Amino acid sequence: MITLHVSELKAQFSKVLAAVRAGERIGILYGRSREPVAMIVPYELPDPPAREIGFLDGKVRIEFTDDFDLTEEELLGLGK
């Protein structure tokens, strides 16, 4: 982990962001005592929520008549 004083952060902000994008964690120090006050860490996308399968089971009924003449690709919009 790298630590920088606020003044160094301001002067090198673009380089700091590049380092964070590469996975580095940056500690921010403040004041003459160089007290740690913050941390810049890489952003992580949250895991998508699990999809519940079959939540409409028993609530919805779908029927296709004999004259339904659409392929699966056309139904899904793939047959453009």
# chains A, B, ... in the order shown; residues from 1 in each chain; ligands from 1
>>> closest_atom_pairs(of="range 24-76 of chain A", to="range 4-12 of chain A", cutoff="8 Å", atoms="only C-alpha atoms", output="JSON lines")
{"residue": "A:Ile26", "atom": "CA", "partner": "A:Leu4", "partner_atom": "CA", "distance": 7.2}
{"residue": "A:Gly27", "atom": "CA", "partner": "A:Leu4", "partner_atom": "CA", "distance": 6.2}
{"residue": "A:Ile28", "atom": "CA", "partner": "A:Leu4", "partner_atom": "CA", "distance": 5.3}
{"residue": "A:Leu29", "atom": "CA", "partner": "A:His5", "partner_atom": "CA", "distance": 4.5}
{"residue": "A:Tyr30", "atom": "CA", "partner": "A:His5", "partner_atom": "CA", "distance": 5.9}
{"residue": "A:Gly31", "atom": "CA", "partner": "A:His5", "partner_atom": "CA", "distance": 7.9}
{"residue": "A:Arg34", "atom": "CA", "partner": "A:His5", "partner_atom": "CA", "distance": 6.8}
>>> write_last_selection(atoms="C-alpha atoms", output="PDB file, in the first residue's frame")
ATOM      1  CA  ILE A  26      -3.591   4.451  -1.646  1.00  0.00           C
ATOM      2  CA  GLY A  27      -3.650   5.784   1.930  1.00  0.00           C
ATOM      3  CA  ILE A  28      -4.236   9.532   2.349  1.00  0.00           C
ATOM      4  CA  LEU A  29      -2.409  11.367   5.140  1.00  0.00           C
ATOM      5  CA  TYR A  30      -3.446  14.780   6.506  1.00  0.00           C
ATOM      6  CA  GLY A  31      -1.810  17.575   8.448  1.00  0.00           C
ATOM      7  CA  ARG A  34       0.460  12.968   8.703  1.00  0.00           C
TER       8      ARG A  34
END
>>> select_by_dssp(residues="chain A", states="strand (DSSP E)", output="ChimeraX atom specification")
/A:2-5,26-30,35-40
>>> write_last_selection(atoms="C-alpha atoms", output="PDB file, in the first residue's frame")
ATOM      1  CA  ILE A   2       1.204   3.475  -0.890  1.00  0.00           C
ATOM      2  CA  THR A   3       0.593   6.461   1.416  1.00  0.00           C
ATOM      3  CA  LEU A   4       0.550  10.075   0.254  1.00  0.00           C
ATOM      4  CA  HIS A   5       0.049  13.413   1.943  1.00  0.00           C
ATOM      5  CA  ILE A  26      -3.591   4.451  -1.646  1.00  0.00           C
ATOM      6  CA  GLY A  27      -3.650   5.784   1.930  1.00  0.00           C
ATOM      7  CA  ILE A  28      -4.236   9.532   2.349  1.00  0.00           C
ATOM      8  CA  LEU A  29      -2.409  11.367   5.140  1.00  0.00           C
ATOM      9  CA  TYR A  30      -3.446  14.780   6.506  1.00  0.00           C
ATOM     10  CA  GLU A  35      -2.585  11.345  10.281  1.00  0.00           C
ATOM     11  CA  PRO A  36      -4.254   8.680   8.086  1.00  0.00           C
ATOM     12  CA  VAL A  37      -7.718   9.951   7.114  1.00  0.00           C
ATOM     13  CA  ALA A  38      -8.828   8.056   4.008  1.00  0.00           C
ATOM     14  CA  MET A  39      -8.074   5.272   1.592  1.00  0.00           C
ATOM     15  CA  ILE A  40      -8.574   5.131  -2.167  1.00  0.00           C
TER      16      ILE A  40
END
